[in-house]
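Next comes entry.cif, with mmCIF, C-alpha atoms and all ligand atoms.
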data_protein
loop_
_atom_site.label_atom_id
_atom_site.label_comp_id
_atom_site.auth_asym_id
_atom_site.auth_seq_id
_atom_site.Cartn_x
_atom_site.Cartn_y
_atom_site.Cartn_z
CA MET A 12 75.29 147.65 123.15
CA ALA A 13 75.19 148.42 119.39
CA ASN A 14 71.88 147.69 117.75
CA PRO A 15 72.44 145.65 114.59
CA THR A 16 68.81 145.83 113.46
CA ALA A 17 68.64 149.62 114.06
CA LYS A 18 65.26 149.07 115.66
CA ARG A 19 64.74 150.68 119.05
CA ARG A 20 64.31 147.85 121.54
CA ILE A 21 61.75 148.51 124.22
CA VAL A 22 61.01 147.10 127.67
CA LEU A 23 57.44 147.92 128.67
CA LEU A 24 56.56 147.77 132.37
CA GLY A 25 52.76 147.89 132.71
CA ALA A 26 52.10 146.20 129.36
CA THR A 27 48.57 145.10 130.27
CA GLY A 28 47.32 148.55 131.31
CA SER A 29 45.91 151.50 129.43
CA ILE A 30 49.30 153.04 128.56
CA GLY A 31 50.57 149.54 127.86
CA GLU A 32 47.82 148.88 125.31
CA SER A 33 48.42 152.26 123.61
CA THR A 34 52.13 151.42 123.46
CA LEU A 35 51.35 148.10 121.79
CA ARG A 36 49.40 149.99 119.11
CA VAL A 37 52.39 152.29 118.55
CA VAL A 38 54.84 149.37 118.34
CA ALA A 39 52.55 147.48 115.92
CA ALA A 40 52.14 150.59 113.73
CA HIS A 41 55.92 151.25 113.63
CA SER A 42 57.24 147.69 113.70
CA ASP A 43 59.96 148.62 111.20
CA ARG A 44 61.52 150.92 113.83
CA LEU A 45 60.36 149.62 117.20
CA GLU A 46 60.68 146.19 118.80
CA LEU A 47 59.37 144.92 122.12
CA VAL A 48 61.97 142.88 124.03
CA GLY A 49 60.42 142.73 127.52
CA ILE A 50 56.96 143.11 129.06
CA ALA A 51 55.82 143.23 132.68
CA ALA A 52 52.63 143.47 134.69
CA GLN A 53 51.37 142.91 138.21
CA SER A 54 49.41 139.68 137.69
CA ASN A 55 47.58 139.51 134.34
CA HIS A 56 49.63 136.66 132.87
CA ALA A 57 46.96 135.61 130.39
CA ARG A 58 47.20 138.97 128.61
CA LEU A 59 51.01 138.96 128.90
CA ALA A 60 51.05 135.59 127.12
CA GLU A 61 48.93 136.98 124.27
CA ILE A 62 51.27 139.96 123.93
CA ALA A 63 54.35 137.72 124.08
CA ARG A 64 52.94 135.66 121.22
CA GLN A 65 51.85 138.60 119.11
CA PHE A 66 55.11 140.55 119.48
CA ASN A 67 57.48 137.62 119.85
CA VAL A 68 58.72 138.84 123.25
CA ARG A 69 61.26 136.62 125.04
CA HIS A 70 61.33 138.26 128.51
CA VAL A 71 58.28 138.61 130.75
CA ALA A 72 58.16 139.84 134.36
CA ILE A 73 55.26 139.32 136.76
CA HIS A 74 55.33 141.16 140.08
CA ASP A 75 52.81 139.00 141.91
CA GLU A 76 54.55 135.76 142.96
CA THR A 77 51.39 133.61 142.83
CA ALA A 78 50.56 134.82 139.32
CA CYS A 79 54.19 134.27 138.36
CA THR A 80 54.08 130.66 139.53
CA ALA A 81 50.83 130.13 137.59
CA ALA A 82 52.40 131.65 134.48
CA ARG A 83 55.44 129.38 134.72
CA ALA A 84 53.12 126.36 134.97
CA SER A 85 50.96 127.43 132.02
CA SER A 86 51.63 126.57 128.41
CA ALA A 87 50.28 129.89 127.14
CA PHE A 88 53.70 131.51 126.67
CA PRO A 89 55.78 130.78 123.60
CA ALA A 90 58.48 128.14 124.16
CA GLY A 91 61.70 129.72 125.39
CA THR A 92 60.03 132.66 127.16
CA LYS A 93 61.94 133.62 130.31
CA ILE A 94 59.51 134.52 133.11
CA HIS A 95 61.05 136.79 135.76
CA GLY A 96 59.31 137.17 139.14
CA GLY A 97 58.74 139.84 141.77
CA ILE A 98 60.27 143.30 141.96
CA ALA A 99 63.65 141.70 141.19
CA GLY A 100 62.11 140.40 137.96
CA LEU A 101 60.94 143.88 136.98
CA THR A 102 64.43 145.22 137.64
CA GLU A 103 66.01 142.40 135.61
CA LEU A 104 63.79 143.42 132.71
CA ALA A 105 64.66 147.11 133.10
CA THR A 106 68.36 146.26 132.76
CA LEU A 107 68.18 143.67 129.95
CA PRO A 108 71.36 144.03 127.91
CA GLU A 109 69.38 144.04 124.66
CA ALA A 110 67.06 146.91 125.71
CA ASP A 111 67.59 150.49 124.50
CA ILE A 112 64.67 152.17 126.26
CA VAL A 113 62.47 151.28 129.24
CA LEU A 114 58.92 152.60 129.40
CA ILE A 115 57.60 152.74 132.96
CA ALA A 116 53.80 152.57 132.87
CA VAL A 117 52.82 150.84 136.10
CA VAL A 118 50.41 152.41 138.58
CA GLY A 119 52.02 153.58 141.81
CA ILE A 120 55.62 153.37 142.89
CA ALA A 121 56.42 149.78 141.88
CA GLY A 122 58.29 151.26 138.92
CA LEU A 123 60.73 153.24 141.06
CA ALA A 124 63.44 150.60 141.66
CA PRO A 125 63.31 149.38 138.02
CA ALA A 126 63.49 153.00 136.76
CA LEU A 127 66.59 153.75 138.86
CA ALA A 128 68.16 150.45 137.75
CA ALA A 129 67.44 151.27 134.09
CA LEU A 130 69.16 154.64 134.48
CA ALA A 131 72.14 153.06 136.24
CA ALA A 132 72.39 150.66 133.29
CA LYS A 133 72.40 153.71 130.98
CA LYS A 134 69.07 152.90 129.34
CA ASP A 135 66.90 155.72 128.10
CA LEU A 136 63.81 156.08 130.26
CA ALA A 137 60.33 156.89 128.97
CA LEU A 138 58.24 157.85 131.97
CA ALA A 139 54.46 157.55 132.17
CA SER A 140 54.20 156.79 135.90
CA LYS A 141 54.09 160.28 137.35
CA GLU A 142 54.24 158.96 140.92
CA LEU A 143 57.98 158.34 140.58
CA LEU A 144 58.93 161.99 140.13
CA VAL A 145 56.38 163.15 142.68
CA LEU A 146 57.82 160.84 145.29
CA ALA A 147 61.46 160.74 144.37
CA GLY A 148 62.05 163.49 141.79
CA LYS A 149 65.27 164.58 143.46
CA PHE A 150 66.75 161.07 143.23
CA VAL A 151 65.39 160.14 139.78
CA MET A 152 66.65 163.39 138.24
CA ALA A 153 70.06 162.97 139.90
CA ALA A 154 70.27 159.39 138.56
CA ALA A 155 69.37 160.62 135.06
CA ARG A 156 72.04 163.34 135.22
CA THR A 157 74.69 160.86 136.41
CA SER A 158 73.85 158.29 133.74
CA GLY A 159 73.54 160.77 130.88
CA SER A 160 70.46 158.82 129.75
CA ARG A 161 67.50 160.53 128.15
CA LEU A 162 64.45 161.04 130.35
CA LEU A 163 61.52 161.22 127.95
CA PRO A 164 58.12 162.29 129.30
CA VAL A 165 55.15 160.20 128.17
CA ASP A 166 52.47 162.00 130.16
CA SER A 167 50.78 164.02 127.39
CA GLU A 168 51.20 167.46 129.01
CA HIS A 169 54.88 166.92 129.81
CA ASN A 170 55.56 165.46 126.42
CA ALA A 171 53.94 168.61 125.01
CA VAL A 172 56.14 170.89 127.16
CA PHE A 173 59.20 168.85 126.18
CA GLN A 174 58.36 169.39 122.50
CA CYS A 175 57.78 173.15 123.01
CA LEU A 176 61.05 173.59 124.91
CA GLU A 177 63.27 171.99 122.28
CA GLY A 178 65.90 174.53 121.33
CA CYS A 179 64.75 176.94 124.08
CA ARG A 180 66.51 177.98 127.27
CA THR A 181 64.72 177.23 130.54
CA SER A 182 65.87 180.64 131.78
CA ASP A 183 63.63 182.21 129.09
CA VAL A 184 60.52 180.40 130.40
CA ARG A 185 58.23 182.54 132.56
CA ARG A 186 55.85 179.69 133.32
CA ILE A 187 54.20 176.60 131.97
CA VAL A 188 50.47 176.00 132.11
CA LEU A 189 49.20 172.42 131.87
CA THR A 190 45.72 171.86 130.52
CA ALA A 191 43.09 169.84 132.38
CA SER A 192 39.81 168.60 130.95
CA GLY A 193 38.15 169.00 134.37
CA GLY A 194 37.17 165.32 134.53
CA ALA A 195 33.81 163.72 135.04
CA PHE A 196 32.37 166.38 137.37
CA ARG A 197 33.45 169.58 135.69
CA ASP A 198 29.84 170.64 135.02
CA TRP A 199 28.17 169.06 138.05
CA PRO A 200 26.53 171.37 140.61
CA LEU A 201 28.86 171.49 143.65
CA GLU A 202 26.14 170.30 146.03
CA LYS A 203 25.68 167.10 143.99
CA LEU A 204 29.34 166.03 144.40
CA ALA A 205 28.71 164.47 147.82
CA ARG A 206 26.56 161.84 146.08
CA ALA A 207 29.02 161.09 143.25
CA THR A 208 29.44 157.33 142.72
CA VAL A 209 32.42 155.36 141.43
CA ALA A 210 30.63 154.82 138.11
CA ASP A 211 30.07 158.60 137.82
CA ALA A 212 33.75 159.34 138.52
CA LEU A 213 34.93 156.83 135.92
CA LYS A 214 33.06 158.59 133.08
CA HIS A 215 35.94 160.71 131.75
CA PRO A 216 34.76 163.16 129.06
CA ASN A 217 37.81 162.78 126.74
CA TRP A 218 40.38 160.18 127.75
CA ALA A 219 40.11 156.38 128.20
CA MET A 220 42.52 155.56 131.06
CA GLY A 221 42.99 153.25 134.04
CA PRO A 222 40.57 153.70 137.01
CA LYS A 223 43.01 155.36 139.45
CA ILE A 224 44.05 158.14 137.07
CA THR A 225 40.43 158.61 135.92
CA VAL A 226 39.37 159.36 139.51
CA ASP A 227 42.45 161.60 139.83
CA SER A 228 41.17 163.50 136.79
CA ALA A 229 37.79 164.01 138.42
CA THR A 230 39.43 165.51 141.53
CA LEU A 231 42.26 167.22 139.59
CA ALA A 232 44.71 165.44 141.90
CA ASN A 233 46.11 164.20 138.60
CA LYS A 234 46.86 167.77 137.49
CA GLY A 235 48.43 168.45 140.87
CA LEU A 236 50.72 165.42 140.50
CA GLU A 237 51.53 166.64 136.99
CA LEU A 238 52.54 170.12 138.20
CA ILE A 239 54.98 168.50 140.63
CA GLU A 240 56.19 166.16 137.86
CA ALA A 241 56.74 169.16 135.57
CA GLN A 242 58.68 171.03 138.21
CA TRP A 243 61.22 168.20 138.36
CA LEU A 244 61.36 167.40 134.66
CA PHE A 245 61.92 170.97 133.53
CA GLY A 246 63.78 172.38 136.55
CA LEU A 247 61.11 175.00 137.38
CA ARG A 248 60.05 176.73 140.60
CA ALA A 249 56.63 175.92 142.07
CA GLU A 250 55.20 179.33 141.12
CA GLN A 251 56.16 178.72 137.47
CA CYS A 252 53.80 175.74 137.13
CA ASP A 253 50.05 176.21 136.81
CA ALA A 254 46.95 174.61 135.30
CA VAL A 255 44.00 175.79 133.21
CA LEU A 256 40.76 174.04 132.26
CA HIS A 257 40.52 173.17 128.59
CA ALA A 258 37.44 171.15 127.71
CA GLN A 259 38.58 169.51 124.45
CA SER A 260 41.99 168.06 125.53
CA ILE A 261 43.53 169.08 122.21
CA VAL A 262 45.96 171.71 123.53
CA HIS A 263 48.19 169.91 126.03
CA CYS A 264 50.22 172.77 127.48
CA LEU A 265 51.02 176.45 127.17
CA VAL A 266 54.64 177.50 127.57
CA GLU A 267 54.93 181.22 128.26
CA PHE A 268 58.30 182.88 127.66
CA THR A 269 59.65 186.02 129.32
CA ASP A 270 58.83 188.04 126.16
CA GLY A 271 55.12 187.12 126.48
CA SER A 272 55.10 184.65 123.57
CA MET A 273 53.45 181.30 124.14
CA LEU A 274 54.13 177.98 122.45
CA THR A 275 51.81 175.01 122.54
CA GLN A 276 51.42 171.49 121.18
CA LEU A 277 48.15 170.17 119.74
CA CYS A 278 46.95 166.67 118.99
CA PRO A 279 43.78 164.66 119.67
CA PRO A 280 43.43 163.04 123.10
CA SER A 281 45.15 159.75 122.31
CA MET A 282 48.20 158.65 124.29
CA THR A 283 49.64 157.15 121.10
CA PHE A 284 50.90 160.67 120.19
CA PRO A 285 53.19 161.22 123.20
CA ILE A 286 54.15 157.53 123.34
CA GLN A 287 55.32 157.45 119.72
CA HIS A 288 57.17 160.74 120.25
CA ALA A 289 59.01 159.39 123.30
CA LEU A 290 59.85 156.01 121.79
CA LEU A 291 61.15 157.38 118.49
CA TYR A 292 62.82 160.57 119.83
CA PRO A 293 64.68 162.44 118.43
CA ALA A 294 63.25 161.08 115.16
CA ARG A 295 59.56 161.45 114.39
CA ALA A 296 57.08 158.84 113.27
CA SER A 297 56.53 158.88 109.50
CA GLN A 298 52.79 158.76 110.16
CA PRO A 299 50.55 159.02 113.25
CA THR A 300 49.34 155.84 114.97
CA ALA A 301 45.87 157.36 115.59
CA PRO A 302 44.12 159.86 113.30
CA ALA A 303 45.68 163.33 113.57
CA LEU A 304 43.73 166.53 114.23
CA ASP A 305 41.62 167.48 111.20
CA VAL A 306 41.72 171.27 110.94
CA GLY A 307 39.63 171.07 107.76
CA ARG A 308 36.58 170.62 110.01
CA PRO A 309 35.27 173.23 112.45
CA PHE A 310 36.64 172.85 115.95
CA ALA A 311 36.74 175.06 119.03
CA LEU A 312 39.24 175.42 121.86
CA ASP A 313 37.87 176.61 125.23
CA PHE A 314 39.91 177.67 128.25
CA ARG A 315 38.80 178.73 131.72
CA PRO A 316 40.52 179.17 135.08
CA VAL A 317 40.36 176.32 137.60
CA ASP A 318 37.87 176.84 140.42
CA GLU A 319 39.81 175.48 143.44
CA GLN A 320 36.59 175.25 145.45
CA ARG A 321 35.43 172.54 143.06
CA TYR A 322 38.88 170.95 143.02
CA PRO A 323 40.40 171.09 146.55
CA CYS A 324 42.86 168.32 145.62
CA LEU A 325 44.58 170.71 143.21
CA ARG A 326 44.94 173.31 145.95
CA LEU A 327 46.45 170.67 148.27
CA ALA A 328 48.85 169.49 145.57
CA LYS A 329 50.00 173.07 144.96
CA GLU A 330 50.50 173.60 148.69
CA SER A 331 52.61 170.45 148.91
CA MET A 332 54.59 171.49 145.81
CA ARG A 333 55.36 174.85 147.46
CA ALA A 334 56.26 173.15 150.76
CA GLY A 335 58.68 170.82 148.90
CA GLY A 336 60.70 168.13 150.70
CA THR A 337 58.53 165.08 151.41
CA ALA A 338 55.21 167.00 151.15
CA PRO A 339 54.51 165.84 147.55
CA ALA A 340 55.24 162.23 148.61
CA VAL A 341 52.72 162.56 151.44
CA PHE A 342 50.17 164.08 149.06
CA ASN A 343 50.68 161.21 146.61
CA ALA A 344 50.49 158.44 149.23
CA ALA A 345 47.39 159.88 150.90
CA ASN A 346 45.72 160.33 147.53
CA GLU A 347 46.45 156.73 146.52
CA VAL A 348 44.95 155.40 149.76
CA ALA A 349 41.93 157.71 149.46
CA VAL A 350 41.24 156.82 145.82
CA ALA A 351 41.57 153.08 146.54
CA ALA A 352 39.08 153.48 149.42
CA PHE A 353 36.69 155.40 147.15
CA LEU A 354 36.99 152.81 144.35
CA ALA A 355 36.30 150.04 146.90
CA GLY A 356 33.17 151.87 148.06
CA ARG A 357 34.57 152.51 151.56
CA VAL A 358 34.51 156.33 151.46
CA GLN A 359 32.61 159.03 149.60
CA PHE A 360 34.07 161.06 146.75
CA LEU A 361 34.40 164.18 148.93
CA ALA A 362 36.40 162.25 151.53
CA ILE A 363 39.36 162.13 149.12
CA PRO A 364 40.57 165.73 149.76
CA ARG A 365 39.75 165.41 153.48
CA ILE A 366 41.99 162.33 153.80
CA ILE A 367 44.80 164.12 151.95
CA GLU A 368 44.49 167.29 154.05
CA HIS A 369 44.47 165.31 157.31
CA THR A 370 47.53 163.28 156.24
CA LEU A 371 49.49 166.36 155.15
CA ALA A 372 48.74 167.99 158.50
CA THR A 373 49.73 164.87 160.48
CA VAL A 374 52.90 163.49 158.88
CA LYS A 375 56.11 165.30 159.80
CA LEU A 376 57.70 166.77 156.67
CA ILE A 377 61.44 166.59 156.06
CA GLU A 378 63.95 167.47 153.34
CA PRO A 379 65.10 163.96 152.37
CA THR A 380 68.76 163.19 151.76
CA ALA A 381 68.26 159.49 150.96
CA LEU A 382 65.61 157.54 149.11
CA ASP A 383 64.96 155.38 152.18
CA GLN A 384 63.71 158.46 154.04
CA VAL A 385 61.14 159.14 151.32
CA LEU A 386 60.00 155.54 151.35
CA ALA A 387 59.59 155.70 155.14
CA VAL A 388 57.52 158.89 154.84
CA ASP A 389 55.46 157.26 152.08
CA ALA A 390 54.72 154.28 154.36
CA GLU A 391 53.87 156.57 157.30
CA ALA A 392 51.54 158.67 155.12
CA ARG A 393 49.74 155.53 153.93
CA ARG A 394 49.29 154.40 157.54
CA VAL A 395 47.87 157.78 158.58
CA ALA A 396 45.57 157.96 155.54
CA GLN A 397 44.27 154.44 156.13
CA HIS A 398 43.30 155.31 159.70
CA PHE A 399 41.35 158.40 158.73
CA PRO A 400 37.85 158.00 160.24
CA ALA A 401 35.55 157.34 157.27
P1 LIG B 501 46.29 150.82 134.36
O1 LIG B 501 45.62 150.61 135.67
O2 LIG B 501 45.47 150.78 133.13
O3 LIG B 501 47.45 149.74 134.19
C1 LIG B 501 48.41 149.54 135.17
C2 LIG B 501 49.49 148.59 134.66
O4 LIG B 501 50.50 148.48 135.66
C3 LIG B 501 49.00 147.18 134.39
O5 LIG B 501 49.78 146.62 133.38
C4 LIG B 501 49.27 146.49 135.73
O6 LIG B 501 49.36 145.07 135.62
C5 LIG B 501 50.61 147.11 136.06
N1 LIG B 501 50.94 147.11 137.47
C6 LIG B 501 50.20 147.61 138.50
N2 LIG B 501 50.85 147.43 139.67
C7 LIG B 501 52.01 146.81 139.37
C8 LIG B 501 53.08 146.31 140.12
N3 LIG B 501 53.10 146.42 141.46
N4 LIG B 501 54.11 145.71 139.48
C9 LIG B 501 54.09 145.57 138.14
N5 LIG B 501 53.10 146.01 137.36
C10 LIG B 501 52.08 146.61 137.97
O7 LIG B 501 47.10 152.19 134.49
P2 LIG B 501 47.41 153.27 133.37
O8 LIG B 501 48.00 152.61 132.17
O9 LIG B 501 46.26 154.18 133.22
O10 LIG B 501 48.53 154.15 134.10
C11 LIG B 501 49.88 153.68 134.27
C12 LIG B 501 50.74 154.85 134.73
O11 LIG B 501 50.79 155.83 133.70
C13 LIG B 501 50.18 155.58 135.97
O12 LIG B 501 51.25 156.01 136.75
C14 LIG B 501 49.47 156.78 135.39
O13 LIG B 501 49.46 157.88 136.28
C15 LIG B 501 50.34 157.09 134.18
N6 LIG B 501 49.64 157.76 133.10
C16 LIG B 501 48.56 157.19 132.50
C17 LIG B 501 47.91 157.83 131.46
C18 LIG B 501 46.77 157.17 130.73
O14 LIG B 501 46.31 157.72 129.73
N7 LIG B 501 46.30 156.04 131.14
C19 LIG B 501 48.31 159.17 131.02
C20 LIG B 501 49.49 159.65 131.66
C21 LIG B 501 50.13 158.98 132.68
P3 LIG B 501 48.04 144.11 135.84
O15 LIG B 501 47.21 144.33 134.59
O16 LIG B 501 48.57 142.75 135.94
O17 LIG B 501 47.37 144.61 137.08
MG MG B 502 48.50 163.81 131.75
#

Show this structure as structure tokens.
Amino acid sequence: MANPTAKRRIVLLGATGSIGESTLRVVAAHSDRLELVGIAAQSNHARLAEIARQFNVRHVAIHDETACTAARASSAFPAGTKIHGGIAGLTELATLPEADIVLIAVVGIAGLAPALAALAAKKDLALASKELLVLAGKFVMAAARTSGSRLLPVDSEHNAVFQCLEGCRTSDVRRIVLTASGGAFRDWPLEKLARATVADALKHPNWAMGPKITVDSATLANKGLELIEAQWLFGLRAEQCDAVLHAQSIVHCLVEFTDGSMLTQLCPPSMTFPIQHALLYPARASQPTAPALDVGRPFALDFRPVDEQRYPCLRLAKESMRAGGTAPAVFNAANEVAVAAFLAGRVQFLAIPRIIEHTLATVKLIEPTALDQVLAVDAEARRVAQHFPA
């Protein structure tokens, strides 16, 4: 549909989360070019109502049916707001006729059906939820190719690679290296890790993010998921994707070409940079939403190789990336179950890689030909992970 206002109209799934809040800052800072037309969350209807009022949003989706019923009964939403419910509601939002671009920023795989629906409806897709490509990269990439829609990475490292690859041929890329801060335990003595608490794991040195991804940063499972995500997004082989520790989170990737040259992208660790890039692409913001890097002041950039003894989850992610098929989906499902158990205080920090390893060894791996097969493997992996003896 033609856009008479020339503003890019955005549907934001996961509006109440960490990426959601950063996106709201970007939309507020660039309100002459961006407009929010739909917002969704799992259950936080009070915050959704505030956002609907502030940004004059007409369409709201709430996944949790009880929360949805409460929202419909409340007077907090502006008059005329349409409240959509359940996964069908999220999908209705992702295909709103008035939307140009759908940003998927929900934790887990709840964004998968809406993402595929958005692509089928020829919407551009901005992707923060890395789980979707890890689980169903084959199907999401095929849907993007069929629709001709843009698939714009929001994850900071992938957004950085996307920027570096503009105008380059993938065949000229030797490898990409994603940077990792090393998370909360990067300087902890290894023997202390067994006693790491949830509060310890949630102290990320550089980024303020949701709890699940913050724990994933402490184990480097997050970097593992990102390597798999990168493989799909940029059409690379497993051995072309690697990670390096970089303490400051200012350099977001290194792209090495066959001639030995490397390109990189730098900005401070604020998700507003990749979000504004994805939402305004191919144009650029006239000014940054958060303060840009000040090179007039001294700053240092450190890099060191990843010690896989400290980060067994990265090793397991790489093994599942090399195995291909449903192995990354099993890795992702087992990790989600393990992290939830750790956050709930049911298992220790060091149980996370053990649960993943056990699940990968137990669930039969296949090369999926239909999305249903992946979803069945995902469910089986969750069942196996949940029954791991704590
Ligand atoms: P948060 O936990 O902060 O927020 C999650 C959001 O998703 C909330 O709005 C939540 O709603 C919503 N949500 C959760 N489950 C569902 C569901 N079943 N249906 C609909 N909405 C749901 O997460 P983050 O913002 O940190 O992360 C979101 C995604 O982005 C993740 O996939 C993460 O890996 C990825 N990502 C995050 C980065 C970051 O800096 N935070 C960086 C790069 C990628 P409610 O509030 O109601 O629970
Ligand atoms: Mg990232």

Residues near stretch 151-160 of chain A, cut-off 9 Å, all atoms listed in the file, skip fewer than 3 positions along chain, as number ranges by chain: A: 123, 126-127, 130-136, 143-144, 147-148, 243-244

Contacts of ligand MG 502 (chain B), 8 Å or closer, all atoms listed in the file, given as a PyMOL selection string: chain A and resi 166-169+233-234+237

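Nearest residue to ligand LIG 501 (chain B) among A:His263, A:Arg357, A:Lys375, A:Arg83 is A:His263, counting only C-alpha atoms and all ligand atoms.
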
Shortest interatomic distance to ligand LIG 501 (chain B) - which of A:Leu163, A:Ala57, A:Ala40, A:Ile112, counting only C-alpha atoms and all ligand atoms: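 The answer is A:Ala57, which sits nearest to ligand LIG 501 (chain B).
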
Given all atoms listed in the file as the counted atoms, nearest of A:Thr300, A:Gln359, A:Thr337, A:Asn346 to A:Val388: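 Counting all atoms listed in the file, the residue closest to A:Val388 is A:Thr337.
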
Expected answer as number ranges by chain: residues within 9 Å of ligand LIG 501 (chain B), all atoms listed in the file: A: 24-33, 51-56, 58-59, 72-75, 78, 97-98, 101, 115-122, 138-143, 165-168, 218-225, 227, 233, 236-237, 280-282

Dump as a CSV table (one decimal), in the frame of the given file, selection limited to C-alpha atoms:
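Here's the written file again_0.csv:
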chain,number,residue,atom,x,y,z
A,24,LEU,CA,56.6,147.8,132.4
A,25,GLY,CA,52.8,147.9,132.7
A,26,ALA,CA,52.1,146.2,129.4
A,27,THR,CA,48.6,145.1,130.3
A,28,GLY,CA,47.3,148.6,131.3
A,29,SER,CA,45.9,151.5,129.4
A,30,ILE,CA,49.3,153.0,128.6
A,31,GLY,CA,50.6,149.5,127.9
A,32,GLU,CA,47.8,148.9,125.3
A,33,SER,CA,48.4,152.3,123.6
A,51,ALA,CA,55.8,143.2,132.7
A,52,ALA,CA,52.6,143.5,134.7
A,53,GLN,CA,51.4,142.9,138.2
A,54,SER,CA,49.4,139.7,137.7
A,55,ASN,CA,47.6,139.5,134.3
A,56,HIS,CA,49.6,136.7,132.9
A,58,ARG,CA,47.2,139.0,128.6
A,59,LEU,CA,51.0,139.0,128.9
A,72,ALA,CA,58.2,139.8,134.4
A,73,ILE,CA,55.3,139.3,136.8
A,74,HIS,CA,55.3,141.2,140.1
A,75,ASP,CA,52.8,139.0,141.9
A,78,ALA,CA,50.6,134.8,139.3
A,97,GLY,CA,58.7,139.8,141.8
A,98,ILE,CA,60.3,143.3,142.0
A,101,LEU,CA,60.9,143.9,137.0
A,115,ILE,CA,57.6,152.7,133.0
A,116,ALA,CA,53.8,152.6,132.9
A,117,VAL,CA,52.8,150.8,136.1
A,118,VAL,CA,50.4,152.4,138.6
A,119,GLY,CA,52.0,153.6,141.8
A,120,ILE,CA,55.6,153.4,142.9
A,121,ALA,CA,56.4,149.8,141.9
A,122,GLY,CA,58.3,151.3,138.9
A,138,LEU,CA,58.2,157.8,132.0
A,139,ALA,CA,54.5,157.6,132.2
A,140,SER,CA,54.2,156.8,135.9
A,141,LYS,CA,54.1,160.3,137.4
A,142,GLU,CA,54.2,159.0,140.9
A,143,LEU,CA,58.0,158.3,140.6
A,165,VAL,CA,55.2,160.2,128.2
A,166,ASP,CA,52.5,162.0,130.2
A,167,SER,CA,50.8,164.0,127.4
A,168,GLU,CA,51.2,167.5,129.0
A,218,TRP,CA,40.4,160.2,127.8
A,219,ALA,CA,40.1,156.4,128.2
A,220,MET,CA,42.5,155.6,131.1
A,221,GLY,CA,43.0,153.2,134.0
A,222,PRO,CA,40.6,153.7,137.0
A,223,LYS,CA,43.0,155.4,139.4
A,224,ILE,CA,44.0,158.1,137.1
A,225,THR,CA,40.4,158.6,135.9
A,227,ASP,CA,42.4,161.6,139.8
A,233,ASN,CA,46.1,164.2,138.6
A,236,LEU,CA,50.7,165.4,140.5
A,237,GLU,CA,51.5,166.6,137.0
A,280,PRO,CA,43.4,163.0,123.1
A,281,SER,CA,45.2,159.8,122.3
A,282,MET,CA,48.2,158.6,124.3

Exercise: residues within 10 Å of coordinate (48.0, 165.9, 144.1), counting all atoms listed in the file, as a count of residues only: 34

Straight-line distance linking atom CA of A:Arg393 with atom CA of A:Gln242, stated in Å to one decimal: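 Pair atom CA of A:Arg393 / atom CA of A:Gln242 returns 23.8 Å.
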
Nearest candidate to A:Asn170 (options A:Ala241, A:Ala294, A:Leu213, A:Ala387; using only C-alpha atoms):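 Distance minimum relative to A:Asn170 lands on A:Ala241.
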
Selection near A:His70, 7 Å with all atoms listed in the file, sequence-local residues under 3 positions removed, as a ChimeraX atom specification: /A:48-50,92-94

Selection as a PyMOL selection string: residues within 12 Å of (53.5, 186.9, 127.3), counting all atoms listed in the file: chain A and resi 183-187+265-274

Please dump the current selection as a PDB file, in the frame of the given file; keep C-alpha atoms.
ATOM      1  CA  ASP A 183      63.630 182.210 129.090  1.00  0.00           C
ATOM      2  CA  VAL A 184      60.520 180.400 130.400  1.00  0.00           C
ATOM      3  CA  ARG A 185      58.230 182.540 132.560  1.00  0.00           C
ATOM      4  CA  ARG A 186      55.850 179.690 133.320  1.00  0.00           C
ATOM      5  CA  ILE A 187      54.200 176.600 131.970  1.00  0.00           C
ATOM      6  CA  LEU A 265      51.020 176.450 127.170  1.00  0.00           C
ATOM      7  CA  VAL A 266      54.640 177.500 127.570  1.00  0.00           C
ATOM      8  CA  GLU A 267      54.930 181.220 128.260  1.00  0.00           C
ATOM      9  CA  PHE A 268      58.300 182.880 127.660  1.00  0.00           C
ATOM     10  CA  THR A 269      59.650 186.020 129.320  1.00  0.00           C
ATOM     11  CA  ASP A 270      58.830 188.040 126.160  1.00  0.00           C
ATOM     12  CA  GLY A 271      55.120 187.120 126.480  1.00  0.00           C
ATOM     13  CA  SER A 272      55.100 184.650 123.570  1.00  0.00           C
ATOM     14  CA  MET A 273      53.450 181.300 124.140  1.00  0.00           C
ATOM     15  CA  LEU A 274      54.130 177.980 122.450  1.00  0.00           C
TER      16      LEU A 274
END

Between atom CA of A:Asp198 and atom CA of A:Ala171 - distance in Å to one decimal: 26.2 Å
